[in-house]
file entry27.txt (compact mmCIF, C-alpha atoms)
# COMPACT_ATOMS: atom_id res chain seq x y z
CA MET A 458 20.99 1.29 8.99
CA ALA A 459 23.77 -1.19 9.50
CA ARG A 460 25.25 -3.13 6.64
CA VAL A 461 23.58 -6.52 6.71
CA ARG A 462 25.29 -9.45 5.05
CA ASP A 463 26.42 -8.29 1.67
CA ILE A 464 23.85 -5.72 0.68
CA ASN A 465 23.68 -2.09 1.69
CA CYS A 466 20.61 0.15 1.82
CA ARG A 467 21.01 1.40 -1.74
CA HIS A 468 21.11 -2.16 -3.01
CA ALA A 469 18.12 -3.09 -0.83
CA VAL A 470 16.06 -0.26 -2.34
CA GLU A 471 17.08 -1.45 -5.80
CA LEU A 472 15.90 -4.99 -5.09
CA MET A 473 12.53 -3.75 -3.82
CA GLY A 474 11.33 -3.24 -7.40
CA ASP A 475 11.37 -6.90 -8.29
CA TYR A 476 10.43 -7.84 -4.72
CA LEU A 477 7.15 -5.91 -5.01
CA GLU A 478 6.47 -7.64 -8.34
CA ASP A 479 7.35 -11.01 -6.80
CA ARG A 480 10.15 -11.58 -9.26
CA LEU A 481 13.24 -11.74 -7.05
CA SER A 482 15.36 -14.84 -7.06
CA ARG A 483 15.19 -16.86 -3.88
CA ARG A 484 18.70 -15.78 -2.98
CA ASP A 485 18.05 -12.06 -3.47
CA ARG A 486 14.78 -12.33 -1.62
CA ARG A 487 16.58 -13.83 1.35
CA ARG A 488 19.22 -11.13 1.25
CA LEU A 489 16.62 -8.40 1.10
CA GLU A 490 14.43 -9.83 3.84
CA HIS A 491 17.45 -10.31 6.03
CA HIS A 492 18.39 -6.69 5.47
CA LEU A 493 14.84 -5.46 6.11
CA ALA A 494 14.67 -7.32 9.41
CA ALA A 495 17.64 -5.33 10.66
CA CYS A 496 17.12 -1.98 8.94
CA ASP A 497 14.21 0.22 10.01
CA ALA A 498 14.90 2.84 7.35
CA CYS A 499 14.62 0.34 4.50
CA ALA A 500 11.61 -1.36 6.08
CA THR A 501 9.96 2.07 6.27
CA TYR A 502 10.83 2.79 2.65
CA LEU A 503 9.30 -0.50 1.52
CA GLU A 504 6.10 0.22 3.44
CA GLU A 505 5.99 3.62 1.77
CA MET A 506 6.37 2.05 -1.66
CA ARG A 507 3.43 -0.20 -0.83
CA ALA A 508 1.41 2.79 0.36
CA THR A 509 2.31 4.65 -2.83
CA ILE A 510 1.07 1.76 -4.95
CA GLU A 511 -2.13 1.54 -2.95
CA LEU A 512 -2.83 5.29 -3.21
CA THR A 513 -1.95 5.32 -6.92
CA GLY A 514 -4.68 2.71 -7.34
CA ARG A 515 -7.14 5.33 -6.11
CA VAL A 516 -6.24 7.84 -8.80
CA GLU A 517 -9.10 8.17 -11.24
CA PRO A 518 -8.26 7.96 -14.94
CA ASP A 519 -8.07 11.29 -16.78
CA ASP A 520 -11.28 13.16 -17.39
CA LEU A 521 -12.69 12.87 -20.82
CA ARG A 522 -12.92 16.00 -22.94
CA PRO A 523 -16.61 16.66 -23.73
CA GLU A 524 -16.03 16.80 -27.50
CA VAL A 525 -14.33 13.40 -27.42
CA LEU A 526 -17.21 11.91 -25.49
CA ASP A 527 -19.71 13.43 -27.91
CA ALA A 528 -17.82 12.01 -30.89
CA LEU A 529 -17.82 8.55 -29.34
CA LEU A 530 -21.50 8.70 -28.47
CA ALA A 531 -22.13 9.69 -32.10
CA VAL A 532 -20.26 6.54 -33.14
CA TYR A 533 -22.55 4.59 -30.87
CA ASP A 534 -25.68 6.23 -32.27
CA ASP A 535 -24.54 5.62 -35.87
CA PHE A 536 -23.87 2.01 -35.07
CA TRP A 537 -27.39 1.46 -33.77
CA ARG A 538 -28.96 3.42 -36.59
CA ASP A 539 -27.09 1.34 -39.18
CA ARG A 540 -28.10 -1.83 -37.45
CA GLY A 541 -31.68 -0.69 -37.24
CA GLU A 542 -31.72 0.11 -40.96
CA ARG A 543 -30.19 -3.22 -41.82
CA THR A 544 -32.53 -5.28 -39.70
CA ALA A 545 -35.48 -3.22 -40.90
CA GLY A 546 -34.54 -3.83 -44.53
CA PRO A 547 -36.08 -6.48 -46.79
CA MET B 727 -21.50 9.28 -15.12
CA SER B 728 -24.29 8.27 -12.79
CA THR B 729 -23.30 6.40 -9.69
CA THR B 730 -25.25 3.37 -10.80
CA VAL B 731 -23.15 3.07 -13.95
CA SER B 732 -19.83 3.77 -12.21
CA LEU B 733 -20.39 0.91 -9.77
CA VAL B 734 -21.37 -1.66 -12.37
CA ASP B 735 -18.70 -4.01 -13.67
CA ASP B 736 -17.50 -3.94 -17.26
CA GLU B 737 -19.15 -7.12 -18.38
CA GLU B 738 -22.54 -5.96 -17.12
CA LEU B 739 -22.11 -2.64 -18.93
CA LEU B 740 -21.28 -4.60 -22.07
CA ARG B 741 -24.48 -6.62 -21.74
CA ARG B 742 -26.46 -3.46 -21.20
CA PHE B 743 -25.13 -1.58 -24.17
CA LEU B 744 -25.68 -4.58 -26.41
CA ALA B 745 -29.29 -4.24 -25.35
CA GLY B 746 -29.20 -0.63 -26.55
CA ASP B 747 -28.38 1.18 -23.31
CA ARG B 748 -26.45 4.29 -24.35
CA GLU B 749 -25.53 5.19 -20.78
CA ALA B 750 -23.79 1.85 -20.37
CA PHE B 751 -21.66 2.56 -23.42
CA ARG B 752 -20.90 6.00 -22.09
CA GLY B 753 -19.85 4.45 -18.79
CA LEU B 754 -17.29 2.22 -20.50
CA VAL B 755 -15.99 5.09 -22.60
CA GLU B 756 -15.51 7.23 -19.51
CA ARG B 757 -13.76 4.38 -17.78
CA TYR B 758 -11.32 3.46 -20.53
CA GLN B 759 -10.88 6.15 -23.15
CA SER B 760 -7.85 7.73 -21.49
CA ALA B 761 -6.14 4.34 -21.15
CA LEU B 762 -6.84 3.56 -24.81
CA VAL B 763 -5.30 6.83 -25.93
CA ARG B 764 -2.32 6.19 -23.68
CA ILE B 765 -1.70 2.75 -25.17
CA ALA B 766 -2.20 3.98 -28.73
CA ARG B 767 0.20 6.84 -28.14
CA ARG B 768 3.03 4.35 -27.70
CA TYR B 769 2.75 3.39 -31.36
CA VAL B 770 1.53 6.43 -33.25
CA ASN B 771 3.22 9.75 -33.50
CA SER B 772 0.52 12.24 -32.61
CA PRO B 773 -2.08 12.63 -29.88
CA ALA B 774 -4.77 13.24 -32.53
CA LEU B 775 -3.91 9.99 -34.28
CA ALA B 776 -3.99 8.17 -30.94
CA GLU B 777 -7.52 9.49 -30.39
CA ASP B 778 -8.49 8.25 -33.87
CA VAL B 779 -7.15 4.81 -33.02
CA ALA B 780 -9.13 4.87 -29.77
CA GLN B 781 -12.27 5.81 -31.69
CA ASP B 782 -11.70 2.96 -34.16
CA THR B 783 -11.31 0.70 -31.18
CA TRP B 784 -14.74 1.62 -29.86
CA MET B 785 -16.20 0.94 -33.30
CA ALA B 786 -14.53 -2.46 -33.26
CA VAL B 787 -16.00 -3.04 -29.81
CA LEU B 788 -19.47 -2.18 -31.06
CA ARG B 789 -19.12 -4.51 -34.02
CA GLY B 790 -17.44 -7.30 -32.07
CA ALA B 791 -19.10 -7.08 -28.68
CA ALA B 792 -21.73 -9.68 -29.49
CA ARG B 793 -18.91 -12.12 -30.24
CA PHE B 794 -17.01 -11.36 -27.05
CA GLU B 795 -16.92 -14.67 -25.26
CA GLY B 796 -15.62 -13.61 -21.91
CA ARG B 797 -12.56 -15.85 -22.05
CA SER B 798 -10.56 -12.85 -20.92
CA SER B 799 -11.85 -9.83 -19.04
CA PHE B 800 -13.47 -7.11 -21.11
CA LYS B 801 -10.61 -4.82 -20.20
CA THR B 802 -7.95 -7.22 -21.48
CA TRP B 803 -9.92 -7.73 -24.69
CA LEU B 804 -10.37 -3.98 -25.17
CA PHE B 805 -6.70 -3.20 -24.54
CA HIS B 806 -5.58 -5.84 -27.00
CA ILE B 807 -7.81 -4.40 -29.67
CA VAL B 808 -6.33 -0.96 -29.23
CA ALA B 809 -2.77 -2.23 -29.11
CA ASN B 810 -3.23 -4.24 -32.30
CA ARG B 811 -4.85 -1.34 -34.11
CA ALA B 812 -2.26 1.10 -32.94
CA ARG B 813 0.50 -1.25 -34.03
CA THR B 814 -0.87 -1.57 -37.54
CA THR B 815 -1.51 2.18 -37.69
CA GLY B 816 1.84 2.89 -36.11
CA VAL B 817 3.81 5.05 -38.41
CA ARG B 818 6.66 5.64 -36.11
CA GLU B 819 9.43 3.31 -35.20
CA ARG B 820 8.80 1.88 -31.82
CA ARG B 821 10.89 4.02 -29.62
CA GLN B 822 13.39 2.26 -27.46
CA ILE B 823 13.21 3.62 -23.99
CA PRO B 824 16.63 4.57 -22.80
CA ILE B 825 16.65 2.88 -19.45
CA ASP B 826 19.84 2.08 -17.68
CA PRO B 827 19.04 -0.68 -15.18
CA THR B 828 22.19 0.22 -13.30
CA ASP B 829 20.88 3.75 -12.81
CA PRO B 830 20.14 3.57 -9.11
CA VAL B 831 16.79 4.40 -7.57
CA ALA B 832 16.84 7.36 -5.20
CA ALA B 833 20.60 7.69 -5.71
CA SER B 834 20.95 11.04 -4.00
CA ARG B 835 19.62 9.67 -0.73
CA PHE B 836 22.59 7.42 -0.13
CA ASP B 837 26.14 8.12 0.93
CA SER B 838 29.19 6.64 -0.76
CA GLU B 839 28.77 3.50 1.35
CA GLY B 840 25.21 3.05 0.09
CA MET B 841 23.69 3.94 3.47
CA TRP B 842 20.82 6.39 3.95
CA LYS B 843 22.08 9.90 4.49
CA GLU B 844 18.80 10.58 6.22
CA PRO B 845 16.23 7.85 6.85
CA PRO B 846 12.90 8.29 5.03
CA PRO B 847 10.25 10.04 7.15
CA SER B 848 7.24 8.08 8.30
CA PHE B 849 4.03 8.28 6.25
CA ALA B 850 1.97 6.95 9.14
CA ASP B 851 0.23 10.26 9.92
CA LEU B 852 -0.53 10.88 6.26
CA LEU B 853 -2.08 7.46 5.83
CA ALA B 854 -4.11 7.66 9.01
CA ASP B 855 -6.07 10.76 8.01
CA THR B 856 -8.80 10.44 5.39
CA GLN B 857 -8.46 14.02 4.19
CA ASP B 858 -4.70 13.73 3.95
CA ARG B 859 -5.07 10.55 1.94
CA ALA B 860 -7.40 12.29 -0.48
CA ARG B 861 -4.91 15.13 -0.81
CA ALA B 862 -2.14 12.60 -1.41
CA VAL B 863 -4.14 10.94 -4.19
CA GLY B 864 -4.58 14.36 -5.82
CA SER B 865 -0.84 14.98 -5.63
CA LEU B 866 -0.12 11.58 -7.12
CA ARG B 867 -2.45 12.26 -9.98
CA ALA B 868 -0.62 15.49 -10.77
CA ALA B 869 2.76 13.82 -10.35
CA ILE B 870 1.80 11.02 -12.78
CA ALA B 871 0.82 13.63 -15.37
CA GLU B 872 4.31 15.13 -15.05
CA LEU B 873 6.16 11.88 -15.69
CA PRO B 874 7.78 11.26 -19.07
CA GLU B 875 5.67 9.19 -21.43
CA ALA B 876 7.11 5.72 -20.81
CA PRO B 877 6.96 5.71 -17.00
CA ARG B 878 3.59 7.45 -17.13
CA SER B 879 2.15 4.76 -19.38
CA VAL B 880 3.66 1.96 -17.34
CA VAL B 881 2.53 3.23 -13.94
CA THR B 882 -0.92 4.16 -15.24
CA LEU B 883 -1.57 0.75 -16.74
CA ARG B 884 0.00 -1.20 -13.87
CA ASP B 885 -1.05 0.74 -10.78
CA VAL B 886 -4.02 2.89 -11.86
CA GLU B 887 -5.64 0.38 -14.24
CA GLY B 888 -4.38 -2.66 -12.37
CA LEU B 889 -2.98 -4.69 -15.28
CA SER B 890 -0.24 -7.27 -14.70
CA THR B 891 3.34 -6.47 -15.75
CA ARG B 892 2.97 -9.15 -18.40
CA GLU B 893 -0.07 -7.40 -19.89
CA VAL B 894 1.64 -4.03 -19.71
CA SER B 895 4.65 -5.51 -21.46
CA ALA B 896 2.52 -6.90 -24.29
CA LEU B 897 0.49 -3.71 -24.70
CA LEU B 898 3.41 -1.32 -24.70
CA GLY B 899 5.83 -3.51 -26.64
CA MET B 900 8.44 -3.48 -23.87
CA SER B 901 10.13 -6.47 -22.27
CA GLU B 902 8.77 -7.45 -18.88
CA ALA B 903 12.15 -6.77 -17.31
CA ASN B 904 12.13 -3.29 -18.78
CA VAL B 905 8.58 -2.71 -17.54
CA ARG B 906 9.68 -3.62 -14.01
CA VAL B 907 12.71 -1.34 -14.17
CA VAL B 908 10.63 1.59 -15.41
CA LEU B 909 7.86 0.82 -12.93
CA HIS B 910 10.16 0.75 -9.92
CA ARG B 911 11.66 4.11 -10.84
CA ALA B 912 8.25 5.65 -11.48
CA ARG B 913 6.94 4.37 -8.15
CA ALA B 914 10.00 5.73 -6.37
CA GLN B 915 9.33 9.14 -7.90
CA LEU B 916 5.70 8.99 -6.81
CA ARG B 917 6.81 7.96 -3.32
CA ASP B 918 9.03 11.07 -3.29
CA GLU B 919 5.95 13.11 -4.15
CA LEU B 920 4.17 11.70 -1.10
CA GLU B 921 7.20 12.58 0.99
CA ARG B 922 6.84 16.17 -0.19
CA VAL B 923 3.18 16.05 0.85
CA VAL B 924 4.18 14.72 4.27
CA LYS B 925 6.85 17.36 4.76
CA GLY B 926 4.71 20.17 3.40
CA GLY B 927 1.69 19.10 5.47
CA GLU B 928 0.55 21.48 8.18

call {"tool": "encode", "arguments": {"input": "entry27.txt", "output": "structure tokens"}}
result
Amino acid sequence: MARVRDINCRHAVELMGDYLEDRLSRRDRRRLEHHLAACDACATYLEEMRATIELTGRVEPDDLRPEVLDALLAVYDDFWRDRGERTAGP
Amino acid sequence: MSTTVSLVDDEELLRRFLAGDREAFRGLVERYQSALVRIARRYVNSPALAEDVAQDTWMAVLRGAARFEGRSSFKTWLFHIVANRARTTGVRERRQIPIDPTDPVAASRFDSEGMWKEPPPSFADLLADTQDRARAVGSLRAAIAELPEAPRSVVTLRDVEGLSTREVSALLGMSEANVRVVLHRARAQLRDELERVVKGGE
């Protein structure tokens, strides 16, 4: 948890946001990576952010309310019926 | 949703429903309806109106699907339709999200020198156990639902739906920089939730 170059742990955690999105400047990236190499706590935190992202990717989208699904399937049925009527027309 | 439909990719489901397969349409609706409502909700001022916009979007999909050329993914196409419709429907001013980029992440964990008061605990045990992982995913799902609207939308579209920050920025009408700021804070809160799972674990 030692101070490494000119960033402290709080600053390192702040930089992790853009680091994970691959948007850090080269200079900030170097500062962060230098810090991570010497700081187990921050390295752990970064790994946990990655794990969080990975697990969040396993969350299923919200369940659909049955009445909403029924309404949308009715839209689908209407669409096909209209099409059928049009193509069956003269 | 049958397992066969849930494993099929979007473009195949699109082909199937164009051929009249109702189950394929249902599969896409189940996959994306909640995301459509979430995007629409950024621009319109009631949940009911957001659902109307989502329904209009599906009608537009039905009418336009045959012309979908696959230059983007189906998902990108779908999300742009809903965002455009919601924008034109949007009766409310786009809300500016009060985000202070200098507001530090996890501020309370650091001392006045910016050092950890207590180092974060390891998640290794949690991640190693399949059941624990499943429990963690359940906790994350609940934690996402508790987030305020902006971070919930951002983290859902970026990390649950897997869109790029650029796409999220376009869909939600936020700058990319703002998306990243909101995203980082939302992820940090979700990480804290996992820490509670780790500490509360047997």

call {"tool": "residues_around", "arguments": {"input": "entry27.txt", "residues": "Ile510 in chain A", "least_positions_apart": "2", "cutoff": "10 Å", "atoms": "only C-alpha atoms", "output": "mmCIF file with C-alpha atoms, in the coordinates of the input"}}
result
data_model
loop_
_atom_site.group_PDB
_atom_site.id
_atom_site.type_symbol
_atom_site.label_atom_id
_atom_site.label_comp_id
_atom_site.auth_asym_id
_atom_site.auth_seq_id
_atom_site.Cartn_x
_atom_site.Cartn_y
_atom_site.Cartn_z
ATOM 1 C CA LEU A 477 7.150 -5.910 -5.010
ATOM 2 C CA GLU A 504 6.100 0.220 3.440
ATOM 3 C CA GLU A 505 5.990 3.620 1.770
ATOM 4 C CA MET A 506 6.370 2.050 -1.660
ATOM 5 C CA ARG A 507 3.430 -0.200 -0.830
ATOM 6 C CA ALA A 508 1.410 2.790 0.360
ATOM 7 C CA LEU A 512 -2.830 5.290 -3.210
ATOM 8 C CA THR A 513 -1.950 5.320 -6.920
ATOM 9 C CA GLY A 514 -4.680 2.710 -7.340
ATOM 10 C CA ARG A 515 -7.140 5.330 -6.110
ATOM 11 C CA VAL B 881 2.530 3.230 -13.940
ATOM 12 C CA ARG B 884 0.000 -1.200 -13.870
ATOM 13 C CA ASP B 885 -1.050 0.740 -10.780
ATOM 14 C CA VAL B 886 -4.020 2.890 -11.860
ATOM 15 C CA ARG B 913 6.940 4.370 -8.150
ATOM 16 C CA ALA B 914 10.000 5.730 -6.370
ATOM 17 C CA LEU B 916 5.700 8.990 -6.810
ATOM 18 C CA ARG B 917 6.810 7.960 -3.320
#

call {"tool": "interface_residues", "arguments": {"input": "entry27.txt", "of": "chain A", "to": "chain B", "cutoff": "9 Å", "atoms": "all atoms listed in the file", "output": "VMD selection string"}}
result
chain A and resid 458 to 460 464 to 468 470 to 471 473 to 475 477 to 478 497 to 499 501 to 502 504 to 506 508 to 521 525 to 526 528 to 530 532 to 534 536 to 537

call {"tool": "closest_residue", "arguments": {"input": "entry27.txt", "among": "B:Val923, B:Leu740, B:Val905, B:Ala792", "to": "Ser879 in chain B", "atoms": "all atoms listed in the file"}}
result
B:Val905

call {"tool": "axis_aligned_box", "arguments": {"input": "entry27.txt", "around": "range 504-517 of chain A", "padding_each_side": "5 Å", "output": "JSON"}}
result
{"center_x": -1.4, "center_y": 4.0, "center_z": -3.9, "size_x": 25.5, "size_y": 18.4, "size_z": 24.7}

call {"tool": "atom_distance", "arguments": {"input": "entry27.txt", "atom1": "CA of Asp778 in chain B", "atom2": "CA of Glu872 in chain B"}}
result
23.8 Å

call {"tool": "atom_distance", "arguments": {"input": "entry27.txt", "atom1": "CA of Ser732 in chain B", "atom2": "CA of Gly796 in chain B"}}
result
20.3 Å

call {"tool": "atom_distance", "arguments": {"input": "entry27.txt", "atom1": "CA of Glu902 in chain B", "atom2": "CA of Asp485 in chain A"}}
result
18.6 Å

call {"tool": "closest_residue", "arguments": {"input": "entry27.txt", "among": "B:Thr802, B:Thr783, B:Thr814, B:Asn771", "to": "Leu889 in chain B", "atoms": "only C-alpha atoms"}}
result
B:Thr802

call {"tool": "decode", "arguments": {"input": "entry27.txt", "residues": "range 519-544 of chain A", "atoms": "N, CA and C atoms", "output": "PDB file, in the first residue's frame"}}
result
ATOM      1  N   ASP A 519     -34.330  -8.290 -17.323  1.00  0.00           N
ATOM      2  CA  ASP A 519     -35.557  -8.420 -16.516  1.00  0.00           C
ATOM      3  C   ASP A 519     -36.571  -9.347 -17.170  1.00  0.00           C
ATOM      4  N   ASP A 520     -37.318 -10.027 -16.343  1.00  0.00           N
ATOM      5  CA  ASP A 520     -38.407 -10.852 -16.870  1.00  0.00           C
ATOM      6  C   ASP A 520     -39.475  -9.963 -17.472  1.00  0.00           C
ATOM      7  N   LEU A 521     -40.121 -10.526 -18.453  1.00  0.00           N
ATOM      8  CA  LEU A 521     -41.168  -9.791 -19.141  1.00  0.00           C
ATOM      9  C   LEU A 521     -42.488 -10.046 -18.422  1.00  0.00           C
ATOM     10  N   ARG A 522     -43.287  -8.994 -18.224  1.00  0.00           N
ATOM     11  CA  ARG A 522     -44.607  -9.224 -17.640  1.00  0.00           C
ATOM     12  C   ARG A 522     -45.466  -9.927 -18.682  1.00  0.00           C
ATOM     13  N   PRO A 523     -46.272 -10.899 -18.268  1.00  0.00           N
ATOM     14  CA  PRO A 523     -47.042 -11.700 -19.241  1.00  0.00           C
ATOM     15  C   PRO A 523     -47.948 -10.830 -20.118  1.00  0.00           C
ATOM     16  N   GLU A 524     -48.554  -9.783 -19.531  1.00  0.00           N
ATOM     17  CA  GLU A 524     -49.481  -8.977 -20.327  1.00  0.00           C
ATOM     18  C   GLU A 524     -48.736  -8.190 -21.408  1.00  0.00           C
ATOM     19  N   VAL A 525     -47.484  -7.836 -21.111  1.00  0.00           N
ATOM     20  CA  VAL A 525     -46.687  -7.118 -22.116  1.00  0.00           C
ATOM     21  C   VAL A 525     -46.340  -8.070 -23.265  1.00  0.00           C
ATOM     22  N   LEU A 526     -45.939  -9.269 -22.890  1.00  0.00           N
ATOM     23  CA  LEU A 526     -45.633 -10.254 -23.925  1.00  0.00           C
ATOM     24  C   LEU A 526     -46.856 -10.537 -24.792  1.00  0.00           C
ATOM     25  N   ASP A 527     -48.009 -10.706 -24.150  1.00  0.00           N
ATOM     26  CA  ASP A 527     -49.239 -10.971 -24.913  1.00  0.00           C
ATOM     27  C   ASP A 527     -49.543  -9.832 -25.885  1.00  0.00           C
ATOM     28  N   ALA A 528     -49.374  -8.599 -25.405  1.00  0.00           N
ATOM     29  CA  ALA A 528     -49.659  -7.443 -26.264  1.00  0.00           C
ATOM     30  C   ALA A 528     -48.735  -7.451 -27.471  1.00  0.00           C
ATOM     31  N   LEU A 529     -47.471  -7.800 -27.247  1.00  0.00           N
ATOM     32  CA  LEU A 529     -46.512  -7.777 -28.349  1.00  0.00           C
ATOM     33  C   LEU A 529     -46.760  -8.928 -29.325  1.00  0.00           C
ATOM     34  N   LEU A 530     -47.179 -10.055 -28.790  1.00  0.00           N
ATOM     35  CA  LEU A 530     -47.503 -11.171 -29.695  1.00  0.00           C
ATOM     36  C   LEU A 530     -48.752 -10.842 -30.511  1.00  0.00           C
ATOM     37  N   ALA A 531     -49.663 -10.058 -29.903  1.00  0.00           N
ATOM     38  CA  ALA A 531     -50.849  -9.622 -30.652  1.00  0.00           C
ATOM     39  C   ALA A 531     -50.432  -8.697 -31.808  1.00  0.00           C
ATOM     40  N   VAL A 532     -49.439  -7.848 -31.544  1.00  0.00           N
ATOM     41  CA  VAL A 532     -48.905  -6.981 -32.603  1.00  0.00           C
ATOM     42  C   VAL A 532     -48.373  -7.848 -33.751  1.00  0.00           C
ATOM     43  N   TYR A 533     -47.673  -8.880 -33.356  1.00  0.00           N
ATOM     44  CA  TYR A 533     -47.111  -9.797 -34.354  1.00  0.00           C
ATOM     45  C   TYR A 533     -48.221 -10.470 -35.165  1.00  0.00           C
ATOM     46  N   ASP A 534     -49.231 -10.950 -34.471  1.00  0.00           N
ATOM     47  CA  ASP A 534     -50.332 -11.644 -35.154  1.00  0.00           C
ATOM     48  C   ASP A 534     -51.074 -10.692 -36.102  1.00  0.00           C
ATOM     49  N   ASP A 535     -51.306  -9.452 -35.624  1.00  0.00           N
ATOM     50  CA  ASP A 535     -51.973  -8.456 -36.476  1.00  0.00           C
ATOM     51  C   ASP A 535     -51.159  -8.195 -37.729  1.00  0.00           C
ATOM     52  N   PHE A 536     -49.861  -8.084 -37.523  1.00  0.00           N
ATOM     53  CA  PHE A 536     -48.979  -7.793 -38.653  1.00  0.00           C
ATOM     54  C   PHE A 536     -49.116  -8.870 -39.730  1.00  0.00           C
ATOM     55  N   TRP A 537     -49.110 -10.122 -39.305  1.00  0.00           N
ATOM     56  CA  TRP A 537     -49.195 -11.209 -40.292  1.00  0.00           C
ATOM     57  C   TRP A 537     -50.572 -11.295 -40.921  1.00  0.00           C
ATOM     58  N   ARG A 538     -51.597 -10.985 -40.094  1.00  0.00           N
ATOM     59  CA  ARG A 538     -52.946 -11.044 -40.638  1.00  0.00           C
ATOM     60  C   ARG A 538     -53.108  -9.960 -41.716  1.00  0.00           C
ATOM     61  N   ASP A 539     -52.631  -8.734 -41.382  1.00  0.00           N
ATOM     62  CA  ASP A 539     -52.717  -7.646 -42.364  1.00  0.00           C
ATOM     63  C   ASP A 539     -51.974  -8.001 -43.639  1.00  0.00           C
ATOM     64  N   ARG A 540     -50.820  -8.548 -43.473  1.00  0.00           N
ATOM     65  CA  ARG A 540     -50.021  -8.923 -44.645  1.00  0.00           C
ATOM     66  C   ARG A 540     -50.733  -9.971 -45.484  1.00  0.00           C
ATOM     67  N   GLY A 541     -51.303 -10.933 -44.742  1.00  0.00           N
ATOM     68  CA  GLY A 541     -52.026 -12.018 -45.427  1.00  0.00           C
ATOM     69  C   GLY A 541     -53.187 -11.466 -46.227  1.00  0.00           C
ATOM     70  N   GLU A 542     -53.937 -10.501 -45.593  1.00  0.00           N
ATOM     71  CA  GLU A 542     -55.088  -9.910 -46.280  1.00  0.00           C
ATOM     72  C   GLU A 542     -54.644  -9.137 -47.517  1.00  0.00           C
ATOM     73  N   ARG A 543     -53.508  -8.417 -47.346  1.00  0.00           N
ATOM     74  CA  ARG A 543     -53.042  -7.619 -48.467  1.00  0.00           C
ATOM     75  C   ARG A 543     -52.578  -8.496 -49.623  1.00  0.00           C
ATOM     76  N   THR A 544     -51.815  -9.519 -49.298  1.00  0.00           N
ATOM     77  CA  THR A 544     -51.302 -10.360 -50.386  1.00  0.00           C
ATOM     78  C   THR A 544     -52.415 -11.205 -50.992  1.00  0.00           C
TER      79      THR A 544
END
